[in-house]
Structures are given as C-alpha cells and as structure tokens.
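Trainee: Quick one: structure below, then a few questions.
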Amino acid sequence: MALHIYDSATRSMREFTSLTPGKASIYLCGATVQGSPHIGHMRSALAFDVLVRWLRRCGYETTMVRNVTDIDDKILAKSAQEGREFWAHAYIYENEFSAAYDALGVLRPTYEPRATGHIPEMIAFIERLINRGHAYVGDPGNVYFDVASLPDYGSLTRQTLDDFSDDDESAADKRNPRDFALWKAAKPGEPATASWETPWGRGRPGWHLECSAMAGKYLGESFDIHAGGIDLRFPHHENEQAQSHGAGYGFAQYWMHNAWVTIDGEKMSKSLGNSLIVANILREHPAVVVRLALGTVHYRSTVAYSERTLAEASAIWDRLSGFVQRAIDEVGEVPMAEIAGLELADFPEDFVDAMDDDLNVSAALAVIHEHVTAGNNALAIEEDESVRREQLLVRAMLDVLGLDPCATPWREENSAGAHYHDALDALVHTILAQRAQARAEKDWQRADSLRDSLQEAGILVEDSAAGARWKIGEK
C-alpha cells in the first residue's frame, strides 16, 4: 500500500505521488507572532511534523517550509500598546514559538522565512498579477485581487462568488466588495518601518500575499502539499490559491488541514479565555506527555484537551518508555544509527498500513503497544534476542511519531529521571540483599516483611532463578 492522504481540495483520499520522484515538498502556514504560543498553535506543528517524519522514512527527500508572519494589523496594534518597535515585538514571540517547537520535539523546517524578508518577491508577484489582468490599483498604496477575473475562484472550498460575503476589509476603492487586499497603503500613525515603497505607493503586504510569494521562492511554481489548520481554509488558503493560479502557477497539488483543539467541548479561542500558553503548561507537565496528548490523535480529528487527557498520555508514556528502559537494562541500547537506518520493509506491516492510511497515528500507536507487550513477554522469559528486536521496532515506530525515548529532546528530559532511577535502584538492591540474606538464614518472617515494605512503597519484587528483580507497580 502506498501513502494515501485526504486532499481537502477534492475531499477525497488520494494516493500521494510527488511532482519530482523521490522528493517531497511541503508548505505549512506558520505562526503570526503577535503573542505567546498556545497549544492550538502546536497542534498544527505536531500533526505535520509526523508527516515529514513519515515521508522521510518512506525514502522521500523532504523539504518543509514553515513561514513566520511578522507584520500584520494585530502585531502593529500590540507593539504600539507595549511601546516597542513592531519588529522587536514580533521577534520576542518568534523566539517563544521556536522554544515551544523545540521543547515538543518538532523538527526544524528546511526553511523558515519571515514575511518582512521577502518584500521584493511580493512586489514582483503583484506586478505579475496586474500584468495578467487579475489585480488592480485602488487608492495610492492599495492593490486588490480581482476575484471575478479568476474562473476557479472558490474551488478550494467549493464555493461560488455568490456564496461569499463581502471582504472584511471592504473599502470604497474596490471594484467588488469581495476583492481582497494584496498590498495595503500605510495608515496614519503607523511607524515608517512598517511600510515599503512600491510602484503604487508606500504600504505593506496583505496577509495572503506573503505565503504565495514565499512558497514560490522556496518550493517553485508548483509543489506537493500545502498544510495548515482547518480554520485557514477560507479566506486565507482560498486566496493563496487564487493568487497563485492567477499568476499562472500550479501551486499546491494536495491540501491537508488539521482539526483544532477543544477544551471542555468548546473550540479553543482567546474569546473563551481558555488559550493555554505552552510555556505555562510545560512548567507543570513533561513536554513529551504534552506531545503525546496532542500528537497521537488523527490530524483530522479534534483533540479534546484536559487534565484527564494529560493523565492518560502520561500513563501511556510510562508504559512505552518503561519498556524501552527495561530493554536497555537487559540487552543494552540499540544505537540511534540502527534506529534511523531501519528499512521500511522491516517495519511491522500493520504499522506501515496505518501510517499510509492518511497518517492514522491512533492505529499506529496500537501496533506499538502490541510490540511493547511482546517485548515485555520476552523480558519475562529472558529471550534477549527478542528483547533487542522489540526494542528496535518499538523505538523506530516511536521515532516516526517523534517519541523515541532515546532521541533528542527526550533523552535530555529523562536524564533527571534516570538519576532518580539509579538512586532508587541502589536503595532497593540494598533491601533485596537483606532479604536474600534473611531467606538464606530461613528467616521467612523478616524476608516477607522486607518484601511487603517494598510493596507498600509501590515496588513489586519478582523472584526468578537469576535472582530477585524489581519494578514499579501500584501501592
């Protein structure tokens, strides 16, 4: 089975065939850096991080572009309120986003262009649209896209012009209220640094324009996949596609959209007052647990975020990482090079089928659990070859989900836990040694008392021909 993805444009499952054999190109709408990142922002980053990881496992040389919108109305308004230059304000939150991505183990994109760094490309793009009859100049500094000039406008969301309400940025100099801004005239009171000279007057880019210009620069006139949150389908993605088609470009061959995060059954939004800042959450919960909670739900399904969700994710992580640690203790750590180099043909077939089925991470995680069970059974009967094999498979599958306990950043995050484990191991073995001596002296009452004291602390003792072993159980 080849990789099939749900294409939002055709509303159907399609086999993935890249434009260039052996290569895959992705454009992901990134952050508008007006404030601190919340878990809703991370939902999209994590969903398509798995896509990149799977494409690379499938042998594709994958290029990921994730943009940064560092200028817009809200950034200008908030920076003015805080008495900062807009670019300084944007940079503060761009760094916060980068820190959140890194903390949650999101791979760095191939390119991460800023809107303000690509003004010449945007001006050239507008000139091309004007020359092709798809854009016009309004008042000095304003340029609009003429939606009526493009026969397929609305095709992404399957709408006609009659279905659309007027653009929120309606202005008297538009030919049609539905036309959208490509370039906006500088407004009185805005800083001079927030506008650029153009053939049509001084101004700044519209939101939609930047993505078309940057996708074209880094991925070419046509590329494989455009990804982003479902709330961006209209007007942002519809208008991106319109601009690019108007310029004569093929643009995205597939569209993928992730669902949002809900809290207490409501869509997460600032108006609800429940936007959860990533940095605050990570002060109370391990980053790997947050990633598991957000990133192992199918990308087109809503994530119901709650303390219960995190508790469930924590229990799953303990089971997965616990097996990996026990396997390492028994047979040693399988090298990262071997994990990374495992051929796709050597992965469990059910796992591959799940991932090829539109990144069905829930089904893929179920396969991982099956192999954790097999690995634990092999540990119980000391079949070291099987233990090593299951460690290899489990970690390779977890790596696809960005959750290999031995990979960055989880190795570093777990290092403190490893120190605690070592200290506890030394204390438990001291008690086990006392218990062994009591058993040798046939002091069964003392031996049972030592075992019971460990059990009351949540530590289970297993006797075997090779000696006593311990594990964390339940009190």
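Chain identifiers are assigned as A, B, and so on, following the order in which chains appear in the structure tokens; residues are numbered from 1 within each chain, and ligands are numbered from 1 in order of appearance.
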For segment 400-407 of chain A, please output as an MDAnalysis selection string all residues within 10 Å (counting only C-alpha atoms; exclusion window: fewer than 5 positions along the same chain).

Mentor: chainID A and resid 46:47 49:57 104:107 288:289 291:292 295:296 317 320:322 324:325 333:336 339:340 355 361 364:365 394:395 412:414

Trainee: Using 10 Å as the limit and counting only C-alpha atoms, can you tabulate each residue of segment 195-297 of chain A that touches segment 168-182 of chain A, with its shortest atom-to-atom distance in Å and the two atoms involved, as CSV?

Mentor:
```
residue,atom,partner,partner_atom,distance
A:Arg204,CA,A:Leu182,CA,8.9
A:Pro205,CA,A:Leu182,CA,6.2
A:Gly206,CA,A:Leu182,CA,4.8
A:Trp207,CA,A:Leu182,CA,7.7
A:His208,CA,A:Leu182,CA,7.2
A:Leu209,CA,A:Leu182,CA,5.7
A:Glu210,CA,A:Leu182,CA,9.0
A:Pro235,CA,A:Phe180,CA,9.4
A:Asn239,CA,A:Phe180,CA,8.0
A:Gln243,CA,A:Leu182,CA,9.0
```

Trainee: Write out as a list in words each polymer residue whose atoms come within 12 Å of segment 432-445 of chain A, counting only C-alpha atoms; drop sequence neighbours fewer than 2 positions from it.

Mentor: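 These residues fall inside the cut-off: Asp425, Ala426, Leu427, Val428, His429, Thr430, Ala447, Asp448, Ser449, Leu450, Arg451, Asp452, Ser453, Leu454, Ile459, Leu460, Val461, Glu462, Asp463, Gly467, Ala468, Arg469 and Trp470 of chain A.
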
Trainee: Excluding Ser44 of chain A and residues on its chain fewer than 4 positions from it, collect all residues at most 12 Å away from it, counting only C-alpha atoms, and give them as a PyMOL selection string.

Mentor: chain A and resi 28-31+37-40+48-51+66+101+106+227-232+256-261+291+294-295+297-303

Trainee: Rounded to one decimal in Å, what is the spacing between atom CA of Ala287 of chain A and atom CA of Glu312 of chain A?

Mentor: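 Interatomic distance, atom CA of Ala287 of chain A to atom CA of Glu312 of chain A: 14.2 Å.
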
Trainee: Once DSSP has gone over the backbone, tell me which residues of segment 239-431 of chain A are in strand (DSSP E or B), as a VMD selection string.

Mentor: chain A and resid 251 to 258 261 to 263 266 to 267 277 303 to 305 357
